[in-house]
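Chemist: Below is one structure. I have some questions about it.
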Amino acid sequence: MPPLPLKLSLGPVLFFWSRDEILRFYAEAAEWPLDAIYLGEVVCGRRQQLRGQDWIALAADLAAAGHEVVLSCQALIESESDLKRLARLADNGQLTIEANDLGAARLASERKLPFVAGHHLNIYNTDTLALMRRLGARRWLPPVEMGRDALAAVLAEAARRQLDIETEVFAWGRLPLALSSRCFTARHYNLNKDDCRFRCLEHPDGLRLATRDGQGFLAINGTQTLSDGCQALLPHLPAMPPLGVDRVRISPQAQGTAAVVSAFRRMLDGHGDAAALMAELAPQAPGAPVDGYWRGLAGILPLETSDAHP
């Protein structure tokens with residue numbers, strides 16, 4: 001198979017890891033074959049193992065290693081302190097930010113700072129995409145539940161309207177589905193949100209939830225709800241460039257991220273077979289591999305490779 005014209009991104013860490021774990025993870029990621037690395041706290045303002053200036057300093061180190069670096073902003077702004085942290089990231093002066101909240105998009109636009117429109121902005125149509133482009137977005141991520149056909153329609157219309165904006169698809173990891181002002185992990189432990197004792201640290205890939213029949217269906221991560229299954233779009237990569245997709249994103253996990261990056265890079269470079277690579281990756285997945293949303297079906301459906309190629 002010839003190389004695929006797709007770039008490879010590493011998304012922000014969605015889970016609560018210790019400072020040492022974060023620094024160790026990115027020291028390793030600096031050596032991985034990635035085109036872009038996203039940094040920052042997206043989920044919860046109480047997670048302050050690293051502060052704004054720490055993220056900016058880490059970004060400078062990764063940029064020096066040759067990576068494009070993007071600072072990801074919190075998706076649910078709940079307090080004045082959250083807003084101040086957001087403003088500090090927007091005022092960094094050099095690095096692109098990923099806006100996961102409309103307030104972040106506004107701040108970036110006011111500062112004439114190009115930004116990435118994250119999937120939490122819920123861009124479902126070309127009119128909204130055009131608005132983000134006018135505000136200064138240079139790249140966008142479709143919502144994780146947007147399927148291949150729906151995305152194809154948006155991108156076809158965007159091409160007709162000559163919108164100069166890159167598209168990045170969430171291709172691996174537990175799917176970030178929703179955010180709430182309630183902390184589900186604290187509630188699980190019968191704790192108040194403001195006295196959560198940082199129990200998320202005990203669940204580096206989220207706390208799995210199961211039905212009464214024992215079937216996994218969700219994972220909770222503080223104020224965030226994720227899929228139990230692991231989005232696994234590696235077999236679908238060849239179909240993405242014809243749609244107009246420019247990049248694919250891997251979401252970090254506590255173990256095995258390096259193996260995931262390696263497998264995706266081999267696929268993109270034309271050196272791997274999708275079935276063999278998925279057999280290699282399945283043990284690394286934090287949950288059962290799924291691709292239902294991409295196929296326009298229920299997101300919980302297991303990976304289907306028979307229609308993976310165009």
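Residue numbers start at 1 in each chain; chains themselves are named A, B, ... in the order of the structure tokens; ligands are numbered from 1 in the order shown.
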List the neighbours of range 180-197 of chain A out to 8 Å using only C-alpha atoms; skip same-chain residues closer than 2 positions along the sequence, and give me the result as a PyMOL selection string.
Modeler: chain A and resi 76+78+178+199-200+207+220-224
Chemist: Write out as a ChimeraX atom specification which residues come within 7 Å of Trp294 in chain A when counting only C-alpha atoms, dropping same-chain ones fewer than 4 positions away.
Modeler: /A:146-148
Chemist: Identify, on the basis of only C-alpha atoms, every residue whose closest approach to range 158-171 of chain A does not exceed 8 Å; exclude the query and any residue fewer than 4 positions from it along the same chain; express the result as a CSV table (one decimal) with all heavy atoms, in the first residue's frame.
Modeler:
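Result went into out29.csv, see below:
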chain,number,residue,atom,x,y,z
A,126,THR,N,-21.5,23.0,7.7
A,126,THR,CA,-20.5,23.8,7.0
A,126,THR,C,-20.7,25.3,7.4
A,126,THR,O,-19.7,26.1,7.5
A,126,THR,CB,-20.6,23.7,5.5
A,126,THR,OG1,-20.7,22.3,5.2
A,126,THR,CG2,-19.4,24.3,4.8
A,130,ALA,N,-17.7,27.5,8.7
A,130,ALA,CA,-17.3,28.8,8.1
A,130,ALA,C,-17.2,29.9,9.1
A,130,ALA,O,-16.3,30.7,9.1
A,130,ALA,CB,-18.3,29.1,7.0
A,133,ARG,N,-13.9,29.4,10.9
A,133,ARG,CA,-12.8,29.9,10.0
A,133,ARG,C,-12.7,31.4,10.0
A,133,ARG,O,-11.6,31.9,10.0
A,133,ARG,CB,-13.1,29.4,8.6
A,133,ARG,CG,-11.9,29.7,7.6
A,133,ARG,CD,-10.7,28.9,8.0
A,133,ARG,NE,-9.5,29.3,7.3
A,133,ARG,CZ,-8.7,30.3,7.7
A,133,ARG,NH1,-8.9,30.9,8.9
A,133,ARG,NH2,-7.6,30.6,7.0
A,137,ALA,N,-10.0,29.9,13.0
A,137,ALA,CA,-9.6,28.5,13.1
A,137,ALA,C,-8.9,28.1,11.9
A,137,ALA,O,-9.3,28.4,10.7
A,137,ALA,CB,-10.9,27.7,13.3
A,138,ARG,N,-7.8,27.4,12.1
A,138,ARG,CA,-7.1,26.8,10.9
A,138,ARG,C,-7.2,25.3,10.8
A,138,ARG,O,-6.8,24.7,9.8
A,138,ARG,CB,-5.6,27.2,11.0
A,138,ARG,CG,-4.9,26.5,12.2
A,138,ARG,CD,-3.4,26.8,12.2
A,138,ARG,NE,-2.6,26.0,13.1
A,138,ARG,CZ,-1.3,26.0,13.3
A,138,ARG,NH1,-0.6,26.9,12.6
A,138,ARG,NH2,-0.7,25.2,14.1
A,139,ARG,N,-7.8,24.7,11.8
A,139,ARG,CA,-8.0,23.3,11.8
A,139,ARG,C,-9.3,23.0,12.7
A,139,ARG,O,-9.6,23.8,13.6
A,139,ARG,CB,-6.8,22.6,12.4
A,139,ARG,CG,-6.8,21.1,12.4
A,139,ARG,CD,-5.6,20.5,13.1
A,139,ARG,NE,-4.4,21.1,12.6
A,139,ARG,CZ,-3.3,21.3,13.3
A,139,ARG,NH1,-3.2,20.9,14.5
A,139,ARG,NH2,-2.2,21.9,12.8
A,140,TRP,N,-10.0,21.9,12.4
A,140,TRP,CA,-11.1,21.6,13.2
A,140,TRP,C,-11.2,20.1,13.4
A,140,TRP,O,-10.7,19.3,12.6
A,140,TRP,CB,-12.4,22.1,12.6
A,140,TRP,CG,-12.9,21.3,11.4
A,140,TRP,CD1,-12.3,21.2,10.2
A,140,TRP,CD2,-14.2,20.6,11.3
A,140,TRP,NE1,-13.1,20.4,9.4
A,140,TRP,CE2,-14.2,20.0,10.0
A,140,TRP,CE3,-15.2,20.3,12.2
A,140,TRP,CZ2,-15.3,19.2,9.6
A,140,TRP,CZ3,-16.3,19.5,11.8
A,140,TRP,CH2,-16.3,19.0,10.5
A,141,LEU,N,-11.9,19.7,14.5
A,141,LEU,CA,-12.2,18.3,14.7
A,141,LEU,C,-13.7,18.1,14.7
A,141,LEU,O,-14.4,18.8,15.5
A,141,LEU,CB,-11.6,17.8,16.1
A,141,LEU,CG,-10.1,17.5,16.1
A,141,LEU,CD1,-9.4,18.8,16.5
A,141,LEU,CD2,-9.8,16.4,17.0
A,142,PRO,N,-14.2,17.2,13.9
A,142,PRO,CA,-15.6,16.9,13.9
A,142,PRO,C,-16.0,16.3,15.3
A,142,PRO,O,-15.2,15.7,15.9
A,142,PRO,CB,-15.8,15.9,12.8
A,142,PRO,CG,-14.6,15.9,12.0
A,142,PRO,CD,-13.5,16.4,12.9
A,144,VAL,N,-17.1,13.5,17.9
A,144,VAL,CA,-16.7,12.1,17.7
A,144,VAL,C,-17.9,11.2,17.2
A,144,VAL,O,-17.6,10.2,16.7
A,144,VAL,CB,-16.2,11.6,19.1
A,144,VAL,CG1,-14.9,12.3,19.5
A,144,VAL,CG2,-17.2,11.7,20.2
A,154,VAL,N,-20.2,17.5,4.8
A,154,VAL,CA,-19.7,18.8,5.3
A,154,VAL,C,-18.4,19.2,4.5
A,154,VAL,O,-18.3,20.3,4.1
A,154,VAL,CB,-19.4,18.7,6.8
A,154,VAL,CG1,-18.7,19.9,7.3
A,154,VAL,CG2,-20.7,18.5,7.6
A,231,GLN,N,-12.3,3.8,20.3
A,231,GLN,CA,-12.4,4.1,18.9
A,231,GLN,C,-11.1,3.6,18.2
A,231,GLN,O,-10.0,3.9,18.6
A,231,GLN,CB,-12.5,5.6,18.8
A,231,GLN,CG,-12.5,6.1,17.3
A,231,GLN,CD,-13.8,6.2,16.7
A,231,GLN,OE1,-14.6,5.3,16.8
A,231,GLN,NE2,-14.2,7.4,16.1
A,232,ALA,N,-11.3,2.8,17.1
A,232,ALA,CA,-10.2,2.2,16.5
A,232,ALA,C,-10.4,2.3,14.9
A,232,ALA,O,-10.9,1.4,14.3
A,232,ALA,CB,-10.1,0.7,16.9
A,233,LEU,N,-10.0,3.5,14.4
A,233,LEU,CA,-10.2,3.8,13.0
A,233,LEU,C,-9.0,3.4,12.1
A,233,LEU,O,-9.0,3.8,10.9
A,233,LEU,CB,-10.6,5.2,12.8
A,233,LEU,CG,-11.9,5.7,13.5
A,233,LEU,CD1,-12.3,7.1,13.1
A,233,LEU,CD2,-13.0,4.7,13.3
A,234,LEU,N,-8.0,2.7,12.6
A,234,LEU,CA,-6.8,2.4,11.8
A,234,LEU,C,-7.2,1.7,10.5
A,234,LEU,O,-6.7,2.1,9.4
A,234,LEU,CB,-5.8,1.6,12.6
A,234,LEU,CG,-4.5,1.2,11.9
A,234,LEU,CD1,-3.4,1.3,12.8
A,234,LEU,CD2,-4.6,-0.1,11.2
A,244,GLY,N,-11.2,14.3,2.3
A,244,GLY,CA,-10.7,15.6,2.6
A,244,GLY,C,-10.1,15.7,4.0
A,244,GLY,O,-9.8,16.8,4.5
A,245,VAL,N,-9.9,14.6,4.7
A,245,VAL,CA,-9.3,14.5,6.0
A,245,VAL,C,-7.8,14.7,5.9
A,245,VAL,O,-7.2,14.1,5.0
A,245,VAL,CB,-9.6,13.2,6.7
A,245,VAL,CG1,-8.9,13.1,8.1
A,245,VAL,CG2,-11.2,13.0,7.0
A,246,ASP,N,-7.2,15.5,6.8
A,246,ASP,CA,-5.8,15.9,6.7
A,246,ASP,C,-5.0,15.2,7.8
A,246,ASP,O,-3.8,15.0,7.6
A,246,ASP,CB,-5.6,17.4,6.8
A,246,ASP,CG,-6.4,18.1,5.8
A,246,ASP,OD1,-5.9,18.1,4.6
A,246,ASP,OD2,-7.4,18.7,6.1
A,247,ARG,N,-5.6,15.0,9.0
A,247,ARG,CA,-4.9,14.4,10.1
A,247,ARG,C,-5.8,13.5,10.9
A,247,ARG,O,-7.0,13.5,10.8
A,247,ARG,CB,-4.5,15.6,11.1
A,247,ARG,CG,-3.6,16.6,10.6
A,247,ARG,CD,-3.5,17.8,11.5
A,247,ARG,NE,-2.6,18.8,11.0
A,247,ARG,CZ,-1.3,19.0,11.5
A,247,ARG,NH1,-0.9,18.3,12.5
A,247,ARG,NH2,-0.6,20.0,11.0
A,248,VAL,N,-5.1,12.6,11.7
A,248,VAL,CA,-5.8,11.7,12.6
A,248,VAL,C,-5.2,11.9,14.0
A,248,VAL,O,-4.0,12.1,14.1
A,248,VAL,CB,-5.8,10.2,12.1
A,248,VAL,CG1,-6.7,10.1,10.9
A,248,VAL,CG2,-4.4,9.8,11.8
A,249,ARG,N,-6.0,11.7,15.0
A,249,ARG,CA,-5.6,11.9,16.4
A,249,ARG,C,-5.6,10.6,17.2
A,249,ARG,O,-6.6,9.8,17.1
A,249,ARG,CB,-6.5,12.9,17.1
A,249,ARG,CG,-6.2,13.1,18.5
A,249,ARG,CD,-7.1,14.1,19.2
A,249,ARG,NE,-6.8,15.5,18.8
A,249,ARG,CZ,-7.2,16.6,19.4
A,249,ARG,NH1,-7.9,16.5,20.5
A,249,ARG,NH2,-6.8,17.8,18.9
A,250,ILE,N,-4.6,10.4,17.9
A,250,ILE,CA,-4.5,9.3,18.9
A,250,ILE,C,-4.7,10.0,20.3
A,250,ILE,O,-4.0,11.0,20.6
A,250,ILE,CB,-3.1,8.6,18.8
A,250,ILE,CG1,-3.0,7.8,17.5
A,250,ILE,CG2,-2.9,7.7,20.0
A,250,ILE,CD1,-1.7,7.3,17.2
A,251,SER,N,-5.5,9.4,21.1
A,251,SER,CA,-5.8,9.9,22.4
A,251,SER,C,-4.9,9.1,23.4
A,251,SER,O,-4.9,7.9,23.4
A,251,SER,CB,-7.2,9.8,22.8
A,251,SER,OG,-7.5,10.5,24.1
Chemist: Using DSSP assignments from the backbone, pull out every residue in range 86-294 of chain A that falls under strand (DSSP E) and give it to me as a PDB file with N, CA, C and O atoms, in the first residue's frame.
Modeler:
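Result went into part.pdb, see below:
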ATOM      1  N   THR A  96      -0.262  27.950  19.127  1.00  0.00           N
ATOM      2  CA  THR A  96      -1.666  27.770  18.786  1.00  0.00           C
ATOM      3  C   THR A  96      -2.401  27.149  19.969  1.00  0.00           C
ATOM      4  O   THR A  96      -1.846  26.335  20.709  1.00  0.00           O
ATOM      5  N   ILE A  97      -3.659  27.526  20.160  1.00  0.00           N
ATOM      6  CA  ILE A  97      -4.467  26.882  21.182  1.00  0.00           C
ATOM      7  C   ILE A  97      -5.558  26.045  20.519  1.00  0.00           C
ATOM      8  O   ILE A  97      -5.965  26.302  19.386  1.00  0.00           O
ATOM      9  N   GLU A  98      -5.998  25.024  21.250  1.00  0.00           N
ATOM     10  CA  GLU A  98      -7.167  24.270  20.832  1.00  0.00           C
ATOM     11  C   GLU A  98      -8.340  24.774  21.655  1.00  0.00           C
ATOM     12  O   GLU A  98      -8.372  24.621  22.880  1.00  0.00           O
ATOM     13  N   ALA A  99      -9.304  25.386  20.991  1.00  0.00           N
ATOM     14  CA  ALA A  99     -10.478  25.937  21.669  1.00  0.00           C
ATOM     15  C   ALA A  99     -11.521  24.845  21.822  1.00  0.00           C
ATOM     16  O   ALA A  99     -12.027  24.314  20.832  1.00  0.00           O
ATOM     17  N   PHE A 115      -6.270  29.203  15.770  1.00  0.00           N
ATOM     18  CA  PHE A 115      -6.603  28.178  16.751  1.00  0.00           C
ATOM     19  C   PHE A 115      -7.162  26.939  16.072  1.00  0.00           C
ATOM     20  O   PHE A 115      -7.518  26.956  14.887  1.00  0.00           O
ATOM     21  N   VAL A 116      -7.192  25.860  16.852  1.00  0.00           N
ATOM     22  CA  VAL A 116      -7.829  24.621  16.437  1.00  0.00           C
ATOM     23  C   VAL A 116      -9.201  24.571  17.091  1.00  0.00           C
ATOM     24  O   VAL A 116      -9.322  24.771  18.302  1.00  0.00           O
ATOM     25  N   ALA A 117     -10.226  24.325  16.304  1.00  0.00           N
ATOM     26  CA  ALA A 117     -11.584  24.197  16.831  1.00  0.00           C
ATOM     27  C   ALA A 117     -11.790  22.747  17.266  1.00  0.00           C
ATOM     28  O   ALA A 117     -11.934  21.848  16.429  1.00  0.00           O
ATOM     29  N   ALA A 137      -9.979  29.950  13.012  1.00  0.00           N
ATOM     30  CA  ALA A 137      -9.634  28.528  13.114  1.00  0.00           C
ATOM     31  C   ALA A 137      -8.890  28.092  11.858  1.00  0.00           C
ATOM     32  O   ALA A 137      -9.316  28.371  10.746  1.00  0.00           O
ATOM     33  N   ARG A 138      -7.791  27.381  12.058  1.00  0.00           N
ATOM     34  CA  ARG A 138      -7.054  26.840  10.915  1.00  0.00           C
ATOM     35  C   ARG A 138      -7.229  25.328  10.795  1.00  0.00           C
ATOM     36  O   ARG A 138      -6.822  24.738   9.794  1.00  0.00           O
ATOM     37  N   ARG A 139      -7.826  24.724  11.826  1.00  0.00           N
ATOM     38  CA  ARG A 139      -8.048  23.286  11.841  1.00  0.00           C
ATOM     39  C   ARG A 139      -9.276  23.016  12.698  1.00  0.00           C
ATOM     40  O   ARG A 139      -9.574  23.778  13.617  1.00  0.00           O
ATOM     41  N   TRP A 140      -9.983  21.920  12.410  1.00  0.00           N
ATOM     42  CA  TRP A 140     -11.143  21.579  13.229  1.00  0.00           C
ATOM     43  C   TRP A 140     -11.219  20.069  13.407  1.00  0.00           C
ATOM     44  O   TRP A 140     -10.665  19.303  12.615  1.00  0.00           O
ATOM     45  N   GLU A 166      -8.039  22.798   7.848  1.00  0.00           N
ATOM     46  CA  GLU A 166      -7.695  21.386   7.953  1.00  0.00           C
ATOM     47  C   GLU A 166      -8.728  20.625   8.788  1.00  0.00           C
ATOM     48  O   GLU A 166      -9.364  21.198   9.676  1.00  0.00           O
ATOM     49  N   THR A 167      -8.820  19.334   8.519  1.00  0.00           N
ATOM     50  CA  THR A 167      -9.727  18.459   9.263  1.00  0.00           C
ATOM     51  C   THR A 167      -8.925  17.369   9.955  1.00  0.00           C
ATOM     52  O   THR A 167      -8.097  16.711   9.336  1.00  0.00           O
ATOM     53  N   GLU A 168      -9.177  17.188  11.247  1.00  0.00           N
ATOM     54  CA  GLU A 168      -8.498  16.164  12.054  1.00  0.00           C
ATOM     55  C   GLU A 168      -9.553  15.267  12.686  1.00  0.00           C
ATOM     56  O   GLU A 168     -10.509  15.760  13.301  1.00  0.00           O
ATOM     57  N   VAL A 169      -9.400  13.975  12.538  1.00  0.00           N
ATOM     58  CA  VAL A 169     -10.383  13.002  13.020  1.00  0.00           C
ATOM     59  C   VAL A 169      -9.845  12.259  14.240  1.00  0.00           C
ATOM     60  O   VAL A 169      -8.683  11.835  14.261  1.00  0.00           O
ATOM     61  N   PHE A 170     -10.681  12.112  15.259  1.00  0.00           N
ATOM     62  CA  PHE A 170     -10.346  11.341  16.461  1.00  0.00           C
ATOM     63  C   PHE A 170     -10.345   9.873  16.064  1.00  0.00           C
ATOM     64  O   PHE A 170     -11.392   9.282  15.813  1.00  0.00           O
ATOM     65  N   ALA A 171      -9.160   9.255  16.006  1.00  0.00           N
ATOM     66  CA  ALA A 171      -9.025   7.930  15.401  1.00  0.00           C
ATOM     67  C   ALA A 171      -8.703   6.815  16.387  1.00  0.00           C
ATOM     68  O   ALA A 171      -8.803   5.642  16.024  1.00  0.00           O
ATOM     69  N   TRP A 172      -8.280   7.145  17.609  1.00  0.00           N
ATOM     70  CA  TRP A 172      -7.956   6.087  18.576  1.00  0.00           C
ATOM     71  C   TRP A 172      -8.164   6.598  19.991  1.00  0.00           C
ATOM     72  O   TRP A 172      -7.716   7.682  20.342  1.00  0.00           O
ATOM     73  N   GLY A 173      -8.821   5.768  20.808  1.00  0.00           N
ATOM     74  CA  GLY A 173      -8.964   6.077  22.226  1.00  0.00           C
ATOM     75  C   GLY A 173     -10.407   6.025  22.680  1.00  0.00           C
ATOM     76  O   GLY A 173     -11.338   5.947  21.866  1.00  0.00           O
ATOM     77  N   ARG A 174     -10.583   6.061  23.975  1.00  0.00           N
ATOM     78  CA  ARG A 174     -11.939   6.158  24.520  1.00  0.00           C
ATOM     79  C   ARG A 174     -12.567   7.454  24.041  1.00  0.00           C
ATOM     80  O   ARG A 174     -11.960   8.532  24.135  1.00  0.00           O
ATOM     81  N   LEU A 175     -13.788   7.367  23.544  1.00  0.00           N
ATOM     82  CA  LEU A 175     -14.440   8.531  22.950  1.00  0.00           C
ATOM     83  C   LEU A 175     -14.938   9.484  24.025  1.00  0.00           C
ATOM     84  O   LEU A 175     -15.743   9.096  24.879  1.00  0.00           O
ATOM     85  N   PRO A 176     -14.485  10.734  24.018  1.00  0.00           N
ATOM     86  CA  PRO A 176     -15.004  11.726  24.978  1.00  0.00           C
ATOM     87  C   PRO A 176     -16.403  12.156  24.551  1.00  0.00           C
ATOM     88  O   PRO A 176     -16.587  12.835  23.543  1.00  0.00           O
ATOM     89  N   LEU A 177     -17.402  11.757  25.320  1.00  0.00           N
ATOM     90  CA  LEU A 177     -18.790  11.922  24.909  1.00  0.00           C
ATOM     91  C   LEU A 177     -19.454  13.172  25.473  1.00  0.00           C
ATOM     92  O   LEU A 177     -20.203  13.854  24.773  1.00  0.00           O
ATOM     93  N   ALA A 178     -19.230  13.476  26.742  1.00  0.00           N
ATOM     94  CA  ALA A 178     -19.962  14.583  27.359  1.00  0.00           C
ATOM     95  C   ALA A 178     -19.230  15.076  28.598  1.00  0.00           C
ATOM     96  O   ALA A 178     -18.392  14.373  29.176  1.00  0.00           O
ATOM     97  N   LEU A 179     -19.575  16.305  28.993  1.00  0.00           N
ATOM     98  CA  LEU A 179     -19.058  16.910  30.222  1.00  0.00           C
ATOM     99  C   LEU A 179     -20.227  17.419  31.050  1.00  0.00           C
ATOM    100  O   LEU A 179     -21.277  17.772  30.518  1.00  0.00           O
ATOM    101  N   LEU A 207     -12.839   5.286  35.017  1.00  0.00           N
ATOM    102  CA  LEU A 207     -13.505   4.271  35.833  1.00  0.00           C
ATOM    103  C   LEU A 207     -14.614   3.637  35.001  1.00  0.00           C
ATOM    104  O   LEU A 207     -15.562   4.303  34.596  1.00  0.00           O
ATOM    105  N   ARG A 208     -14.484   2.364  34.721  1.00  0.00           N
ATOM    106  CA  ARG A 208     -15.424   1.685  33.835  1.00  0.00           C
ATOM    107  C   ARG A 208     -16.764   1.439  34.517  1.00  0.00           C
ATOM    108  O   ARG A 208     -16.832   1.101  35.699  1.00  0.00           O
ATOM    109  N   LEU A 209     -17.836   1.574  33.750  1.00  0.00           N
ATOM    110  CA  LEU A 209     -19.185   1.275  34.211  1.00  0.00           C
ATOM    111  C   LEU A 209     -19.738   0.132  33.377  1.00  0.00           C
ATOM    112  O   LEU A 209     -19.468   0.047  32.176  1.00  0.00           O
ATOM    113  N   ALA A 210     -20.522  -0.715  33.998  1.00  0.00           N
ATOM    114  CA  ALA A 210     -21.098  -1.861  33.296  1.00  0.00           C
ATOM    115  C   ALA A 210     -22.598  -1.910  33.549  1.00  0.00           C
ATOM    116  O   ALA A 210     -23.114  -1.381  34.538  1.00  0.00           O
ATOM    117  N   GLY A 216     -19.656  -3.728  29.599  1.00  0.00           N
ATOM    118  CA  GLY A 216     -19.135  -2.377  29.710  1.00  0.00           C
ATOM    119  C   GLY A 216     -19.793  -1.459  28.697  1.00  0.00           C
ATOM    120  O   GLY A 216     -19.992  -1.841  27.546  1.00  0.00           O
ATOM    121  N   PHE A 217     -20.164  -0.238  29.132  1.00  0.00           N
ATOM    122  CA  PHE A 217     -20.788   0.675  28.176  1.00  0.00           C
ATOM    123  C   PHE A 217     -20.314   2.112  28.311  1.00  0.00           C
ATOM    124  O   PHE A 217     -20.432   2.901  27.375  1.00  0.00           O
ATOM    125  N   LEU A 218     -19.760   2.505  29.457  1.00  0.00           N
ATOM    126  CA  LEU A 218     -19.247   3.859  29.633  1.00  0.00           C
ATOM    127  C   LEU A 218     -18.017   3.807  30.542  1.00  0.00           C
ATOM    128  O   LEU A 218     -17.759   2.821  31.228  1.00  0.00           O
ATOM    129  N   ALA A 219     -17.287   4.914  30.547  1.00  0.00           N
ATOM    130  CA  ALA A 219     -16.240   5.133  31.536  1.00  0.00           C
ATOM    131  C   ALA A 219     -16.406   6.553  32.050  1.00  0.00           C
ATOM    132  O   ALA A 219     -16.779   7.456  31.290  1.00  0.00           O
ATOM    133  N   ILE A 220     -16.160   6.762  33.334  1.00  0.00           N
ATOM    134  CA  ILE A 220     -16.268   8.105  33.892  1.00  0.00           C
ATOM    135  C   ILE A 220     -14.881   8.599  34.275  1.00  0.00           C
ATOM    136  O   ILE A 220     -14.024   7.844  34.712  1.00  0.00           O
ATOM    137  N   ASN A 221     -14.708   9.890  34.105  1.00  0.00           N
ATOM    138  CA  ASN A 221     -13.410  10.522  34.305  1.00  0.00           C
ATOM    139  C   ASN A 221     -13.664  11.893  34.922  1.00  0.00           C
ATOM    140  O   ASN A 221     -13.632  12.911  34.247  1.00  0.00           O
ATOM    141  N   GLN A 224     -16.270  14.081  33.217  1.00  0.00           N
ATOM    142  CA  GLN A 224     -16.384  13.635  31.826  1.00  0.00           C
ATOM    143  C   GLN A 224     -16.926  12.213  31.740  1.00  0.00           C
ATOM    144  O   GLN A 224     -16.601  11.353  32.557  1.00  0.00           O
ATOM    145  N   THR A 225     -17.752  11.994  30.714  1.00  0.00           N
ATOM    146  CA  THR A 225     -18.233  10.659  30.375  1.00  0.00           C
ATOM    147  C   THR A 225     -17.598  10.245  29.056  1.00  0.00           C
ATOM    148  O   THR A 225     -17.607  11.003  28.090  1.00  0.00           O
ATOM    149  N   LEU A 226     -17.018   9.040  29.038  1.00  0.00           N
ATOM    150  CA  LEU A 226     -16.396   8.512  27.835  1.00  0.00           C
ATOM    151  C   LEU A 226     -17.010   7.161  27.485  1.00  0.00           C
ATOM    152  O   LEU A 226     -17.714   6.545  28.293  1.00  0.00           O
ATOM    153  N   SER A 227     -16.710   6.707  26.279  1.00  0.00           N
ATOM    154  CA  SER A 227     -17.116   5.353  25.897  1.00  0.00           C
ATOM    155  C   SER A 227     -16.282   4.332  26.659  1.00  0.00           C
ATOM    156  O   SER A 227     -15.144   4.601  27.040  1.00  0.00           O
ATOM    157  N   ASP A 228     -16.860   3.163  26.871  1.00  0.00           N
ATOM    158  CA  ASP A 228     -16.077   2.058  27.404  1.00  0.00           C
ATOM    159  C   ASP A 228     -15.180   1.486  26.303  1.00  0.00           C
ATOM    160  O   ASP A 228     -14.032   1.144  26.536  1.00  0.00           O
ATOM    161  N   GLY A 229     -15.723   1.414  25.093  1.00  0.00           N
ATOM    162  CA  GLY A 229     -14.960   0.917  23.960  1.00  0.00           C
ATOM    163  C   GLY A 229     -13.928   1.928  23.491  1.00  0.00           C
ATOM    164  O   GLY A 229     -13.990   3.118  23.808  1.00  0.00           O
ATOM    165  N   CYS A 230     -12.971   1.426  22.715  1.00  0.00           N
ATOM    166  CA  CYS A 230     -11.882   2.253  22.195  1.00  0.00           C
ATOM    167  C   CYS A 230     -12.092   2.496  20.708  1.00  0.00           C
ATOM    168  O   CYS A 230     -12.109   1.544  19.916  1.00  0.00           O
ATOM    169  N   GLN A 231     -12.300   3.756  20.339  1.00  0.00           N
ATOM    170  CA  GLN A 231     -12.385   4.095  18.923  1.00  0.00           C
ATOM    171  C   GLN A 231     -11.127   3.588  18.217  1.00  0.00           C
ATOM    172  O   GLN A 231     -10.002   3.879  18.636  1.00  0.00           O
ATOM    173  N   ALA A 232     -11.321   2.817  17.135  1.00  0.00           N
ATOM    174  CA  ALA A 232     -10.179   2.195  16.455  1.00  0.00           C
ATOM    175  C   ALA A 232     -10.376   2.331  14.944  1.00  0.00           C
ATOM    176  O   ALA A 232     -10.900   1.434  14.286  1.00  0.00           O
ATOM    177  N   ARG A 247      -5.617  14.955   8.974  1.00  0.00           N
ATOM    178  CA  ARG A 247      -4.900  14.446  10.131  1.00  0.00           C
ATOM    179  C   ARG A 247      -5.770  13.461  10.886  1.00  0.00           C
ATOM    180  O   ARG A 247      -7.003  13.524  10.814  1.00  0.00           O
ATOM    181  N   VAL A 248      -5.104  12.593  11.650  1.00  0.00           N
ATOM    182  CA  VAL A 248      -5.821  11.718  12.577  1.00  0.00           C
ATOM    183  C   VAL A 248      -5.193  11.861  13.956  1.00  0.00           C
ATOM    184  O   VAL A 248      -4.003  12.129  14.091  1.00  0.00           O
ATOM    185  N   ARG A 249      -6.022  11.680  14.988  1.00  0.00           N
ATOM    186  CA  ARG A 249      -5.596  11.901  16.367  1.00  0.00           C
ATOM    187  C   ARG A 249      -5.624  10.606  17.161  1.00  0.00           C
ATOM    188  O   ARG A 249      -6.595   9.841  17.098  1.00  0.00           O
ATOM    189  N   ILE A 250      -4.561  10.406  17.924  1.00  0.00           N
ATOM    190  CA  ILE A 250      -4.487   9.336  18.920  1.00  0.00           C
ATOM    191  C   ILE A 250      -4.653   9.986  20.291  1.00  0.00           C
ATOM    192  O   ILE A 250      -3.980  10.964  20.611  1.00  0.00           O
ATOM    193  N   PRO A 289     -12.252  -2.636  20.803  1.00  0.00           N
ATOM    194  CA  PRO A 289     -12.192  -1.740  19.633  1.00  0.00           C
ATOM    195  C   PRO A 289     -13.578  -1.548  19.014  1.00  0.00           C
ATOM    196  O   PRO A 289     -14.306  -2.519  18.773  1.00  0.00           O
ATOM    197  N   VAL A 290     -13.946  -0.298  18.768  1.00  0.00           N
ATOM    198  CA  VAL A 290     -15.247   0.035  18.183  1.00  0.00           C
ATOM    199  C   VAL A 290     -15.058   1.036  17.041  1.00  0.00           C
ATOM    200  O   VAL A 290     -14.068   1.756  16.988  1.00  0.00           O
TER     201      VAL A 290
END
Chemist: Identify all residues of range 121-283 of chain A in alpha helix (DSSP H) (DSSP on the backbone) and supply them as a ChimeraX atom specification.
Modeler: /A:126-135,148-160,184-188,240-243,257-268,274-281
Chemist: From the list A:Gly93, A:Pro5, A:Pro252, A:Pro235, which residue is nearest Ile37 in chain A when using only C-alpha atoms?
Modeler: A:Pro252
Chemist: Grab the CA of Glu110 in chain A to CA of Pro143 in chain A distance for me, in Å with one decimal place.
Modeler: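 These atoms are spaced 24.7 Å apart.
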Chemist: Have a look at A:Ala258, A:Ala298, A:Leu34, A:Leu277 and name the one nearest to Glu145 in chain A; count only C-alpha atoms.
Modeler: A:Ala298
